[in-house]
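S.K.: So here's query_1.tsv (TSV, C-alpha atoms (C1' of nucleotides)).
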chain	number	residue	atom	x	y	z
A	1	MET	CA	-7.23	-44.00	-0.06
A	2	THR	CA	-10.52	-43.19	1.58
A	3	ASN	CA	-12.59	-40.07	1.33
A	4	THR	CA	-11.77	-39.38	4.93
A	5	THR	CA	-8.11	-39.16	4.15
A	6	GLN	CA	-8.73	-36.89	1.25
A	7	ARG	CA	-11.02	-34.72	3.21
A	8	ARG	CA	-8.65	-34.40	6.14
A	9	SER	CA	-6.01	-32.75	4.01
A	10	ARG	CA	-8.50	-30.15	2.89
A	11	GLN	CA	-9.59	-29.08	6.35
A	12	SER	CA	-8.46	-26.07	8.28
A	13	PRO	CA	-5.02	-26.00	9.80
A	14	THR	CA	-4.66	-27.09	13.41
A	15	ALA	CA	-4.06	-24.50	16.10
A	16	ASP	CA	-0.34	-25.26	16.03
A	17	GLU	CA	-0.13	-25.01	12.29
A	18	LEU	CA	-1.98	-21.73	12.34
A	19	ARG	CA	0.31	-20.36	15.01
A	20	ILE	CA	3.35	-21.27	12.93
A	21	TRP	CA	1.79	-19.73	9.85
A	22	ARG	CA	1.01	-16.48	11.61
A	23	GLY	CA	4.47	-16.33	13.12
A	24	PHE	CA	6.00	-16.87	9.72
A	25	ILE	CA	4.04	-14.31	7.79
A	26	GLU	CA	4.14	-11.66	10.50
A	27	THR	CA	7.87	-12.04	10.95
A	28	ALA	CA	8.45	-11.82	7.22
A	29	ARG	CA	6.30	-8.68	7.04
A	30	GLU	CA	8.11	-7.14	9.97
A	31	LEU	CA	11.52	-7.91	8.51
A	32	ASP	CA	10.46	-6.38	5.22
A	33	ALA	CA	9.06	-3.30	6.93
A	34	ARG	CA	12.14	-2.84	9.07
A	35	LEU	CA	14.49	-3.03	6.11
A	36	SER	CA	12.34	-0.61	4.11
A	37	SER	CA	12.27	1.77	6.99
A	38	ARG	CA	16.03	1.71	7.45
A	39	LEU	CA	16.55	2.16	3.74
A	40	HIS	CA	14.29	5.16	3.74
A	41	ASP	CA	15.91	6.70	6.78
A	42	GLU	CA	19.43	6.20	5.53
A	43	SER	CA	19.04	7.07	1.89
A	44	ALA	CA	15.61	8.56	1.18
A	45	LEU	CA	14.89	5.69	-1.17
A	46	SER	CA	11.84	3.50	-0.84
A	47	SER	CA	12.15	-0.21	-1.20
A	48	GLY	CA	10.51	0.07	-4.63
A	49	ASP	CA	13.01	2.73	-5.70
A	50	TYR	CA	15.84	0.46	-4.65
A	51	THR	CA	14.43	-2.48	-6.59
A	52	VAL	CA	14.13	-0.42	-9.74
A	53	LEU	CA	17.57	1.14	-9.42
A	54	LEU	CA	19.12	-2.26	-8.76
A	55	ALA	CA	17.63	-3.66	-11.95
A	56	LEU	CA	18.78	-0.65	-13.95
A	57	SER	CA	22.25	-0.74	-12.46
A	58	GLU	CA	22.66	-4.28	-13.77
A	59	ALA	CA	21.46	-3.39	-17.26
A	60	PRO	CA	23.83	-2.41	-20.06
A	61	GLY	CA	23.95	1.37	-20.29
A	62	ARG	CA	21.88	1.60	-17.11
A	63	ARG	CA	18.77	1.62	-19.30
A	64	LEU	CA	15.95	-0.81	-20.01
A	65	ARG	CA	12.78	-0.89	-22.03
A	66	SER	CA	9.85	-0.40	-19.72
A	67	SER	CA	8.60	-3.92	-20.44
A	68	ALA	CA	12.02	-5.44	-19.80
A	69	LEU	CA	12.23	-3.57	-16.54
A	70	ALA	CA	8.79	-4.81	-15.54
A	71	LYS	CA	9.95	-8.36	-16.19
A	72	ALA	CA	13.23	-7.84	-14.34
A	73	VAL	CA	11.54	-6.69	-11.16
A	74	ASP	CA	8.45	-8.86	-11.66
A	75	TRP	CA	5.95	-6.04	-11.34
A	76	GLU	CA	2.75	-5.36	-13.19
A	77	ARG	CA	3.18	-2.78	-15.85
A	78	SER	CA	0.81	-0.28	-14.38
A	79	ARG	CA	2.57	-0.52	-11.06
A	80	LEU	CA	5.86	0.15	-12.75
A	81	SER	CA	4.39	2.99	-14.74
A	82	HIS	CA	3.12	4.74	-11.62
A	83	HIS	CA	6.37	4.18	-9.80
A	84	ILE	CA	8.48	5.38	-12.70
A	85	ARG	CA	6.47	8.57	-12.87
A	86	ARG	CA	7.14	9.28	-9.21
A	87	MET	CA	10.82	8.43	-9.54
A	88	GLU	CA	11.14	10.65	-12.57
A	89	GLY	CA	9.65	13.50	-10.55
A	90	ARG	CA	12.44	13.03	-8.03
A	91	GLY	CA	15.14	12.90	-10.66
A	92	LEU	CA	16.17	9.29	-10.06
A	93	ILE	CA	15.38	8.09	-13.57
A	94	ARG	CA	14.43	9.57	-16.91
A	95	ARG	CA	12.21	8.31	-19.72
A	96	ASP	CA	13.57	8.37	-23.26
A	97	ASP	CA	11.66	7.55	-26.40
A	98	CYS	CA	12.85	4.32	-27.90
A	99	ALA	CA	14.10	4.86	-31.44
A	100	VAL	CA	13.34	1.39	-32.78
A	101	ASP	CA	9.77	1.16	-31.51
A	102	TYR	CA	7.92	4.34	-30.77
A	103	ARG	CA	5.44	2.55	-28.54
A	104	GLY	CA	8.08	1.69	-26.02
A	105	ALA	CA	9.87	4.07	-23.72
A	106	GLU	CA	13.28	3.42	-22.30
A	107	VAL	CA	13.92	4.00	-18.62
A	108	VAL	CA	17.35	5.40	-17.90
A	109	MET	CA	19.01	5.79	-14.53
A	110	THR	CA	20.20	9.35	-14.02
A	111	ASP	CA	23.51	10.20	-12.40
A	112	GLN	CA	21.59	11.30	-9.38
A	113	GLY	CA	19.82	7.93	-9.34
A	114	ALA	CA	23.12	6.09	-9.62
A	115	GLN	CA	24.55	8.16	-6.80
A	116	ALA	CA	21.54	7.50	-4.58
A	117	PHE	CA	21.70	3.80	-5.33
A	118	ARG	CA	25.41	3.59	-4.54
A	119	SER	CA	25.05	5.29	-1.20
A	120	ALA	CA	21.99	3.23	-0.29
A	121	SER	CA	23.47	-0.08	-1.25
A	122	VAL	CA	26.08	-0.72	1.39
A	123	PRO	CA	23.96	0.17	4.41
A	124	HIS	CA	21.07	-1.79	2.98
A	125	LEU	CA	23.12	-4.92	2.43
A	126	ARG	CA	24.55	-4.54	5.88
A	127	ALA	CA	21.02	-4.40	7.25
A	128	VAL	CA	20.11	-7.58	5.40
A	129	ARG	CA	23.06	-9.24	7.00
A	130	GLU	CA	22.26	-7.98	10.46
A	131	LEU	CA	18.56	-8.76	10.46
A	132	PHE	CA	18.50	-11.92	8.39
A	133	VAL	CA	21.80	-13.65	7.65
A	134	ASP	CA	23.42	-13.12	11.03
A	135	ALA	CA	20.23	-14.01	12.85
A	136	LEU	CA	20.41	-17.54	11.50
A	137	THR	CA	22.94	-20.34	11.68
A	138	PRO	CA	24.42	-21.59	8.40
A	139	GLU	CA	22.27	-24.73	8.78
A	140	GLN	CA	19.17	-22.60	9.21
A	141	LEU	CA	20.08	-20.62	6.13
A	142	ASP	CA	20.17	-23.85	4.17
A	143	GLN	CA	16.81	-24.77	5.61
A	144	VAL	CA	15.40	-21.48	4.41
A	145	GLU	CA	16.50	-22.32	0.91
A	146	ASP	CA	14.71	-25.66	1.03
A	147	LEU	CA	11.58	-24.17	2.55
A	148	THR	CA	11.47	-21.47	-0.06
A	149	ALA	CA	11.82	-24.02	-2.82
A	150	ALA	CA	9.00	-26.11	-1.39
A	151	LEU	CA	6.67	-23.15	-1.02
A	152	ARG	CA	7.48	-21.85	-4.46
A	153	THR	CA	6.80	-25.22	-6.05
A	154	SER	CA	3.42	-25.26	-4.42
A	155	LEU	CA	2.70	-21.68	-5.46
A	156	ASP	CA	3.67	-22.36	-9.03
A	157	ALA	CA	1.59	-25.53	-9.11
A	158	SER	CA	-1.45	-23.62	-7.87
A	159	ALA	CA	-2.38	-21.41	-10.81
A	160	PRO	CA	-1.44	-17.71	-11.19
A	161	ALA	CA	2.03	-16.57	-12.22
B	1	MET	CA	39.12	-11.82	18.31
B	2	THR	CA	40.66	-9.58	15.69
B	3	ASN	CA	39.24	-6.55	14.04
B	4	THR	CA	39.14	-8.56	10.87
B	5	THR	CA	36.73	-11.00	12.43
B	6	GLN	CA	34.53	-8.25	13.72
B	7	ARG	CA	34.59	-6.50	10.43
B	8	ARG	CA	33.75	-9.60	8.46
B	9	SER	CA	30.46	-10.01	10.23
B	10	ARG	CA	29.51	-6.47	9.29
B	11	GLN	CA	30.11	-6.81	5.60
B	12	SER	CA	27.59	-7.40	2.89
B	13	PRO	CA	26.04	-10.81	2.47
B	14	THR	CA	27.66	-13.20	0.01
B	15	ALA	CA	26.01	-13.90	-3.31
B	16	ASP	CA	24.55	-17.13	-1.91
B	17	GLU	CA	23.22	-15.44	1.20
B	18	LEU	CA	21.68	-12.71	-0.87
B	19	ARG	CA	20.04	-15.22	-3.18
B	20	ILE	CA	18.53	-17.02	-0.20
B	21	TRP	CA	17.35	-13.74	1.28
B	22	ARG	CA	15.67	-12.67	-1.93
B	23	GLY	CA	14.06	-16.06	-2.34
B	24	PHE	CA	12.74	-15.90	1.18
B	25	ILE	CA	11.26	-12.44	1.08
B	26	GLU	CA	9.83	-12.74	-2.40
B	27	THR	CA	8.19	-16.05	-1.61
B	28	ALA	CA	6.71	-14.67	1.58
B	29	ARG	CA	5.35	-11.66	-0.28
B	30	GLU	CA	3.93	-13.85	-3.00
B	31	LEU	CA	2.26	-16.15	-0.50
B	32	ASP	CA	0.76	-13.19	1.27
B	33	ALA	CA	-0.45	-11.67	-1.98
B	34	ARG	CA	-1.94	-14.92	-3.16
B	35	LEU	CA	-3.88	-15.46	0.03
B	36	SER	CA	-5.14	-11.89	0.01
B	37	SER	CA	-6.22	-12.23	-3.54
B	38	ARG	CA	-8.11	-15.46	-2.90
B	39	LEU	CA	-9.73	-13.97	0.16
B	40	HIS	CA	-10.88	-11.00	-1.83
B	41	ASP	CA	-12.19	-13.11	-4.69
B	42	GLU	CA	-14.05	-15.50	-2.45
B	43	SER	CA	-15.50	-13.14	0.11
B	44	ALA	CA	-15.00	-9.50	-0.91
B	45	LEU	CA	-12.95	-8.96	2.23
B	46	SER	CA	-9.45	-7.55	2.15
B	47	SER	CA	-6.76	-9.09	4.27
B	48	GLY	CA	-7.01	-6.08	6.59
B	49	ASP	CA	-10.75	-6.51	6.91
B	50	TYR	CA	-10.24	-10.14	7.84
B	51	THR	CA	-7.65	-9.27	10.46
B	52	VAL	CA	-9.94	-6.74	12.09
B	53	LEU	CA	-12.98	-9.01	12.00
B	54	LEU	CA	-10.96	-11.89	13.44
B	55	ALA	CA	-9.87	-9.76	16.38
B	56	LEU	CA	-13.42	-8.56	16.97
B	57	SER	CA	-14.85	-12.05	16.68
B	58	GLU	CA	-12.62	-13.14	19.55
B	59	ALA	CA	-13.59	-10.21	21.76
B	60	PRO	CA	-16.43	-10.38	24.30
B	61	GLY	CA	-19.55	-8.89	22.76
B	62	ARG	CA	-17.73	-8.68	19.43
B	63	ARG	CA	-16.61	-5.18	20.43
B	64	LEU	CA	-13.34	-3.55	21.41
B	65	ARG	CA	-12.07	-0.11	22.27
B	66	SER	CA	-10.23	1.31	19.35
B	67	SER	CA	-6.94	1.26	21.26
B	68	ALA	CA	-7.45	-2.34	22.34
B	69	LEU	CA	-8.19	-3.31	18.77
B	70	ALA	CA	-5.05	-1.55	17.60
B	71	LYS	CA	-3.05	-3.55	20.08
B	72	ALA	CA	-4.79	-6.81	19.17
B	73	VAL	CA	-3.94	-6.50	15.50
B	74	ASP	CA	-0.65	-4.67	16.12
B	75	TRP	CA	-1.44	-1.73	13.87
B	76	GLU	CA	-0.69	1.93	14.28
B	77	ARG	CA	-3.65	3.87	15.43
B	78	SER	CA	-3.95	6.04	12.40
B	79	ARG	CA	-3.86	3.00	10.17
B	80	LEU	CA	-6.65	1.44	12.16
B	81	SER	CA	-8.61	4.65	12.12
B	82	HIS	CA	-8.48	4.88	8.34
B	83	HIS	CA	-9.34	1.24	7.93
B	84	ILE	CA	-12.21	1.40	10.39
B	85	ARG	CA	-13.69	4.34	8.53
B	86	ARG	CA	-13.68	2.39	5.28
B	87	MET	CA	-15.10	-0.72	6.92
B	88	GLU	CA	-17.83	1.32	8.53
B	89	GLY	CA	-18.75	2.64	5.11
B	90	ARG	CA	-19.22	-0.92	3.94
B	91	GLY	CA	-21.30	-1.89	6.94
B	92	LEU	CA	-18.83	-4.41	8.38
B	93	ILE	CA	-18.38	-2.62	11.67
B	94	ARG	CA	-19.91	0.28	13.58
B	95	ARG	CA	-18.45	2.84	15.94
B	96	ASP	CA	-20.17	3.43	19.25
B	97	ASP	CA	-19.29	6.11	21.74
B	98	CYS	CA	-17.77	4.65	24.83
B	99	ALA	CA	-19.85	5.49	27.86
B	100	VAL	CA	-17.05	5.38	30.42
B	101	ASP	CA	-14.58	7.53	28.48
B	102	TYR	CA	-15.84	9.90	25.85
B	103	ARG	CA	-12.44	10.08	24.20
B	104	GLY	CA	-12.55	6.49	23.21
B	105	ALA	CA	-14.80	4.91	20.64
B	106	GLU	CA	-15.82	1.29	20.64
B	107	VAL	CA	-15.66	-0.70	17.47
B	108	VAL	CA	-18.48	-3.21	17.12
B	109	MET	CA	-18.81	-5.94	14.54
B	110	THR	CA	-22.15	-5.73	12.76
B	111	ASP	CA	-24.21	-8.78	11.90
B	112	GLN	CA	-23.22	-8.24	8.33
B	113	GLY	CA	-19.59	-8.17	9.38
B	114	ALA	CA	-19.99	-11.38	11.35
B	115	GLN	CA	-21.68	-13.01	8.39
B	116	ALA	CA	-18.92	-11.92	6.03
B	117	PHE	CA	-16.27	-13.16	8.43
B	118	ARG	CA	-17.94	-16.53	8.83
B	119	SER	CA	-18.19	-17.15	5.14
B	120	ALA	CA	-14.65	-15.96	4.51
B	121	SER	CA	-13.09	-17.99	7.27
B	122	VAL	CA	-13.31	-21.56	6.02
B	123	PRO	CA	-12.05	-20.93	2.50
B	124	HIS	CA	-9.28	-18.73	3.85
B	125	LEU	CA	-8.08	-21.34	6.30
B	126	ARG	CA	-8.25	-23.94	3.60
B	127	ALA	CA	-6.05	-21.73	1.44
B	128	VAL	CA	-3.53	-21.38	4.25
B	129	ARG	CA	-3.41	-25.14	4.46
B	130	GLU	CA	-3.04	-25.62	0.73
B	131	LEU	CA	-0.40	-22.99	0.10
B	132	PHE	CA	1.59	-23.24	3.31
B	133	VAL	CA	0.93	-26.18	5.61
B	134	ASP	CA	0.53	-28.83	2.93
B	135	ALA	CA	3.47	-27.49	0.96
B	136	LEU	CA	5.82	-28.41	3.80
B	137	THR	CA	6.70	-31.61	5.61
B	138	PRO	CA	6.02	-31.75	9.37
B	139	GLU	CA	9.77	-31.44	9.92
B	140	GLN	CA	9.90	-28.36	7.76
B	141	LEU	CA	7.00	-26.87	9.67
B	142	ASP	CA	9.01	-27.30	12.85
B	143	GLN	CA	11.96	-25.67	11.18
B	144	VAL	CA	9.80	-22.69	10.29
B	145	GLU	CA	8.95	-22.28	13.92
B	146	ASP	CA	12.61	-22.23	14.90
B	147	LEU	CA	13.54	-19.86	12.11
B	148	THR	CA	10.77	-17.50	13.02
B	149	ALA	CA	11.87	-17.49	16.63
B	150	ALA	CA	15.47	-16.74	15.66
B	151	LEU	CA	14.49	-13.91	13.36
B	152	ARG	CA	12.10	-12.44	15.87
B	153	THR	CA	14.71	-12.49	18.61
B	154	SER	CA	17.04	-10.58	16.37
B	155	LEU	CA	14.32	-8.11	15.37
B	156	ASP	CA	13.39	-7.50	18.97
B	157	ALA	CA	17.01	-7.03	19.95
B	158	SER	CA	17.49	-4.46	17.24
B	159	ALA	CA	15.45	-1.49	18.40
B	160	PRO	CA	11.88	-0.57	17.23
B	161	ALA	CA	8.63	-2.10	18.47
C	1	DC	C1'	-4.02	-0.19	-48.88
C	2	DA	C1'	-7.67	-0.63	-45.16
C	3	DC	C1'	-9.02	-2.64	-41.28
C	4	DA	C1'	-8.89	-5.50	-37.12
C	5	DT	C1'	-5.86	-7.21	-33.72
C	6	DT	C1'	-1.97	-7.33	-30.84
C	7	DT	C1'	1.46	-5.12	-28.15
C	8	DG	C1'	3.79	-1.45	-25.14
C	9	DA	C1'	2.65	1.67	-22.03
C	10	DT	C1'	-0.18	5.20	-19.46
C	11	DT	C1'	-4.16	6.83	-16.89
C	12	DG	C1'	-7.91	7.29	-13.38
C	13	DA	C1'	-10.32	5.55	-9.63
C	14	DC	C1'	-9.99	3.80	-5.50
C	15	DG	C1'	-8.20	0.97	-1.43
C	16	DT	C1'	-4.27	0.94	1.54
C	17	DG	C1'	-0.14	2.61	4.66
C	18	DT	C1'	2.83	6.20	7.03
C	19	DC	C1'	3.86	10.39	9.12
C	20	DA	C1'	3.00	14.65	11.32
C	21	DA	C1'	-0.49	17.64	12.97
C	22	DT	C1'	-4.67	18.21	15.31
C	23	DC	C1'	-8.64	17.77	18.42
C	24	DA	C1'	-11.12	16.51	22.41
C	25	DT	C1'	-11.41	14.35	26.77
C	26	DG	C1'	-9.38	12.96	31.02
C	27	DT	C1'	-5.99	13.63	34.93
C	28	DA	C1'	-2.68	15.91	38.04
C	29	DC	C1'	-1.27	19.51	40.61
C	30	DC	C1'	-1.17	24.19	42.44
D	1	DG	C1'	-11.34	25.57	39.99
D	2	DG	C1'	-7.94	26.41	36.44
D	3	DT	C1'	-4.03	25.44	33.90
D	4	DA	C1'	-0.64	22.03	32.12
D	5	DC	C1'	-0.02	17.64	30.49
D	6	DA	C1'	-1.20	12.98	29.04
D	7	DT	C1'	-4.16	10.03	26.47
D	8	DG	C1'	-7.53	8.26	22.78
D	9	DA	C1'	-8.54	8.96	18.44
D	10	DT	C1'	-9.06	11.36	13.89
D	11	DT	C1'	-7.44	13.96	9.91
D	12	DG	C1'	-4.81	15.46	5.75
D	13	DA	C1'	-1.16	14.93	2.74
D	14	DC	C1'	1.11	12.01	0.21
D	15	DA	C1'	3.39	7.38	-1.34
D	16	DC	C1'	2.11	2.95	-2.91
D	17	DG	C1'	-0.67	-1.06	-5.36
D	18	DT	C1'	-4.45	-3.09	-8.19
D	19	DC	C1'	-7.85	-3.17	-11.58
D	20	DA	C1'	-10.16	-1.80	-15.65
D	21	DA	C1'	-10.16	1.39	-19.36
D	22	DT	C1'	-7.65	3.79	-22.70
D	23	DC	C1'	-4.24	5.21	-26.17
D	24	DA	C1'	-0.93	4.87	-29.72
D	25	DA	C1'	2.17	2.42	-32.53
D	26	DA	C1'	3.05	-2.09	-34.85
D	27	DT	C1'	1.52	-6.07	-37.19
D	28	DG	C1'	-1.27	-9.26	-39.79
D	29	DT	C1'	-4.78	-10.31	-43.20
D	30	DG	C1'	-8.31	-9.60	-46.77
Rewrite the structure from the file as structure tokens, please.
M.R.:
Amino acid sequence: MTNTTQRRSRQSPTADELRIWRGFIETARELDARLSSRLHDESALSSGDYTVLLALSEAPGRRLRSSALAKAVDWERSRLSHHIRRMEGRGLIRRDDCAVDYRGAEVVMTDQGAQAFRSASVPHLRAVRELFVDALTPEQLDQVEDLTAALRTSLDASAPA
Amino acid sequence: MTNTTQRRSRQSPTADELRIWRGFIETARELDARLSSRLHDESALSSGDYTVLLALSEAPGRRLRSSALAKAVDWERSRLSHHIRRMEGRGLIRRDDCAVDYRGAEVVMTDQGAQAFRSASVPHLRAVRELFVDALTPEQLDQVEDLTAALRTSLDASAPA
DNA sequence: CACATTTGATTGACGTGTCAATCATGTACC
DNA sequence: GGTACATGATTGACACGTCAATCAAATGTG
């Protein structure tokens, strides 16, 4: 194990590697943007709204403590707080005081929120199938799983949450 | 070819497919966020700044018409316009009137911008290697290329830009 | 009990992104 | 040359995200 070997692995990517990286990240961004855009067109929900409503829909009583919701969607609390405020303004959720701990608020999905989520869900899932699942062979889908695992391992190994 | 077959391919993804999808998109987002964050910490450039400076650095005279720049980075014009205004405020670029067509402005990288780009570049590329290239085997890197191509084909087939 | 500390959540400032509207210059056509 | 249209770019309004500061209720410790 020479210094040269060590150093080589720390250098910049090759042109090919960089091309593959750019293709990957730009395609992922585009996919994400396209799905968000369709969601918004079809249901007037943003991708963030959908994420929040999905988490609430899976919670008992369609309600969660703000902190539990933040953990469920893996968002920073201030991000959630801002988003919740906007969603409350549009009647998708409501904030209740939490009886057992007056610091914490509970976020509750409203009927209107549940209705919006239901009507968004099917077209959104269909879009995921069209633009992702059906674009790949079953073998490729398995490859994605492995790739994701490898990348995530590396991300987790390298510091921040 | 029955209706059943046709219909099946239009249904929602299975639980496994959905899990793979979520893993994929969340990992891609996280990678993107992590690289942006490192870039910002190490060089005080945002990922958008870097993209713009990279495009300018590759242009003759380190300058481009605003529309050409928009095409080079594949951004909407209004997005570019907003970003350019902010970058100009920080001295990274400058806007010159274009002599041959007074509608169009030219965006020029300043020396300060070039300096910032140079010092950001090496650490950023190293981060791409660490978090992406080195996380995958050469075979996996090839797989990424194929996956990207498949997804892009499907995206291109399905309407917008 | 009083006080410091921790915990749950919100706020404000500011950078970023999208969309629709606008503005100014260039071009075509009569 | 003058009017209509196309083109290059900017603007304003508003949604979204991050960071640091703040606030209030809960908890621990003397």
S.K.: With a cut-off of 8 Å and counting all atoms listed in the file, select all residues of chain B in contact with chain C and give the selection as a ChimeraX atom specification.
M.R.: /B:79,101-103
S.K.: Using only C-alpha atoms (C1' of nucleotides), which chain B residues lie at most 10 Å away from chain D, written as a ChimeraX atom specification?
M.R.: /B:65-67,77-78,80-82,85,101-105
S.K.: Pull out every residue of chain B that has at least one atom within 8 Å of chain A, counting all atoms listed in the file, and report them as a JSON list (two decimals) with C-alpha atoms, in the frame of the given file.
M.R.:
[["chain", "number", "residue", "atom", "x", "y", "z"],
["B", 9, "SER", "CA", 30.46, -10.01, 10.23],
["B", 10, "ARG", "CA", 29.51, -6.47, 9.29],
["B", 11, "GLN", "CA", 30.11, -6.81, 5.60],
["B", 12, "SER", "CA", 27.59, -7.40, 2.89],
["B", 13, "PRO", "CA", 26.04, -10.81, 2.47],
["B", 17, "GLU", "CA", 23.22, -15.44, 1.20],
["B", 20, "ILE", "CA", 18.53, -17.02, -0.20],
["B", 21, "TRP", "CA", 17.35, -13.74, 1.28],
["B", 23, "GLY", "CA", 14.06, -16.06, -2.34],
["B", 24, "PHE", "CA", 12.74, -15.90, 1.18],
["B", 25, "ILE", "CA", 11.26, -12.44, 1.08],
["B", 27, "THR", "CA", 8.19, -16.05, -1.61],
["B", 28, "ALA", "CA", 6.71, -14.67, 1.58],
["B", 29, "ARG", "CA", 5.35, -11.66, -0.28],
["B", 31, "LEU", "CA", 2.26, -16.15, -0.50],
["B", 32, "ASP", "CA", 0.76, -13.19, 1.27],
["B", 122, "VAL", "CA", -13.31, -21.56, 6.02],
["B", 125, "LEU", "CA", -8.08, -21.34, 6.30],
["B", 126, "ARG", "CA", -8.25, -23.94, 3.60],
["B", 128, "VAL", "CA", -3.53, -21.38, 4.25],
["B", 129, "ARG", "CA", -3.41, -25.14, 4.46],
["B", 130, "GLU", "CA", -3.04, -25.62, 0.73],
["B", 131, "LEU", "CA", -0.40, -22.99, 0.10],
["B", 132, "PHE", "CA", 1.59, -23.24, 3.31],
["B", 133, "VAL", "CA", 0.93, -26.18, 5.61],
["B", 134, "ASP", "CA", 0.53, -28.83, 2.93],
["B", 135, "ALA", "CA", 3.47, -27.49, 0.96],
["B", 136, "LEU", "CA", 5.82, -28.41, 3.80],
["B", 140, "GLN", "CA", 9.90, -28.36, 7.76],
["B", 141, "LEU", "CA", 7.00, -26.87, 9.67],
["B", 143, "GLN", "CA", 11.96, -25.67, 11.18],
["B", 144, "VAL", "CA", 9.80, -22.69, 10.29],
["B", 145, "GLU", "CA", 8.95, -22.28, 13.92],
["B", 147, "LEU", "CA", 13.54, -19.86, 12.11],
["B", 148, "THR", "CA", 10.77, -17.50, 13.02],
["B", 150, "ALA", "CA", 15.47, -16.74, 15.66],
["B", 151, "LEU", "CA", 14.49, -13.91, 13.36],
["B", 152, "ARG", "CA", 12.10, -12.44, 15.87],
["B", 154, "SER", "CA", 17.04, -10.58, 16.37],
["B", 155, "LEU", "CA", 14.32, -8.11, 15.37]]
S.K.: Can you find the residues with an atom no farther than 12 Å from (16.4, 0.0, -17.8), counting only C-alpha atoms (C1' of nucleotides), and report them as a PDB file with C-alpha atoms, in the frame of the given file?
M.R.:
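Final file, result11.pdb:
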ATOM      1  CA  THR A  51      14.430  -2.480  -6.590  1.00  0.00           C
ATOM      2  CA  VAL A  52      14.130  -0.420  -9.740  1.00  0.00           C
ATOM      3  CA  LEU A  53      17.570   1.140  -9.420  1.00  0.00           C
ATOM      4  CA  LEU A  54      19.120  -2.260  -8.760  1.00  0.00           C
ATOM      5  CA  ALA A  55      17.630  -3.660 -11.950  1.00  0.00           C
ATOM      6  CA  LEU A  56      18.780  -0.650 -13.950  1.00  0.00           C
ATOM      7  CA  SER A  57      22.250  -0.740 -12.460  1.00  0.00           C
ATOM      8  CA  GLU A  58      22.660  -4.280 -13.770  1.00  0.00           C
ATOM      9  CA  ALA A  59      21.460  -3.390 -17.260  1.00  0.00           C
ATOM     10  CA  PRO A  60      23.830  -2.410 -20.060  1.00  0.00           C
ATOM     11  CA  GLY A  61      23.950   1.370 -20.290  1.00  0.00           C
ATOM     12  CA  ARG A  62      21.880   1.600 -17.110  1.00  0.00           C
ATOM     13  CA  ARG A  63      18.770   1.620 -19.300  1.00  0.00           C
ATOM     14  CA  LEU A  64      15.950  -0.810 -20.010  1.00  0.00           C
ATOM     15  CA  ARG A  65      12.780  -0.890 -22.030  1.00  0.00           C
ATOM     16  CA  SER A  66       9.850  -0.400 -19.720  1.00  0.00           C
ATOM     17  CA  SER A  67       8.600  -3.920 -20.440  1.00  0.00           C
ATOM     18  CA  ALA A  68      12.020  -5.440 -19.800  1.00  0.00           C
ATOM     19  CA  LEU A  69      12.230  -3.570 -16.540  1.00  0.00           C
ATOM     20  CA  ALA A  70       8.790  -4.810 -15.540  1.00  0.00           C
ATOM     21  CA  LYS A  71       9.950  -8.360 -16.190  1.00  0.00           C
ATOM     22  CA  ALA A  72      13.230  -7.840 -14.340  1.00  0.00           C
ATOM     23  CA  VAL A  73      11.540  -6.690 -11.160  1.00  0.00           C
ATOM     24  CA  LEU A  80       5.860   0.150 -12.750  1.00  0.00           C
ATOM     25  CA  ILE A  84       8.480   5.380 -12.700  1.00  0.00           C
ATOM     26  CA  ILE A  93      15.380   8.090 -13.570  1.00  0.00           C
ATOM     27  CA  ARG A  94      14.430   9.570 -16.910  1.00  0.00           C
ATOM     28  CA  ARG A  95      12.210   8.310 -19.720  1.00  0.00           C
ATOM     29  CA  ASP A  96      13.570   8.370 -23.260  1.00  0.00           C
ATOM     30  CA  CYS A  98      12.850   4.320 -27.900  1.00  0.00           C
ATOM     31  CA  GLY A 104       8.080   1.690 -26.020  1.00  0.00           C
ATOM     32  CA  ALA A 105       9.870   4.070 -23.720  1.00  0.00           C
ATOM     33  CA  GLU A 106      13.280   3.420 -22.300  1.00  0.00           C
ATOM     34  CA  VAL A 107      13.920   4.000 -18.620  1.00  0.00           C
ATOM     35  CA  VAL A 108      17.350   5.400 -17.900  1.00  0.00           C
ATOM     36  CA  MET A 109      19.010   5.790 -14.530  1.00  0.00           C
ATOM     37  CA  THR A 110      20.200   9.350 -14.020  1.00  0.00           C
TER      38      THR A 110
END
S.K.: So how far away is CA of Arg90 in chain B from CA of Glu42 in chain B, in Å?
M.R.: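 Going from CA of Glu42 in chain B over to CA of Arg90 in chain B covers 16.7 Å.
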S.K.: Report, in Å to a single decimal, how far apart CA of Tyr50 in chain B and CA of His40 in chain A are.
M.R.: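 CA of His40 in chain A sits 29.2 Å away from CA of Tyr50 in chain B.
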S.K.: CA of Arg118 in chain A and CA of Glu76 in chain A are how many Å apart?
M.R.: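 Computing the Euclidean distance for CA of Arg118 in chain A and CA of Glu76 in chain A yields 25.9 Å.
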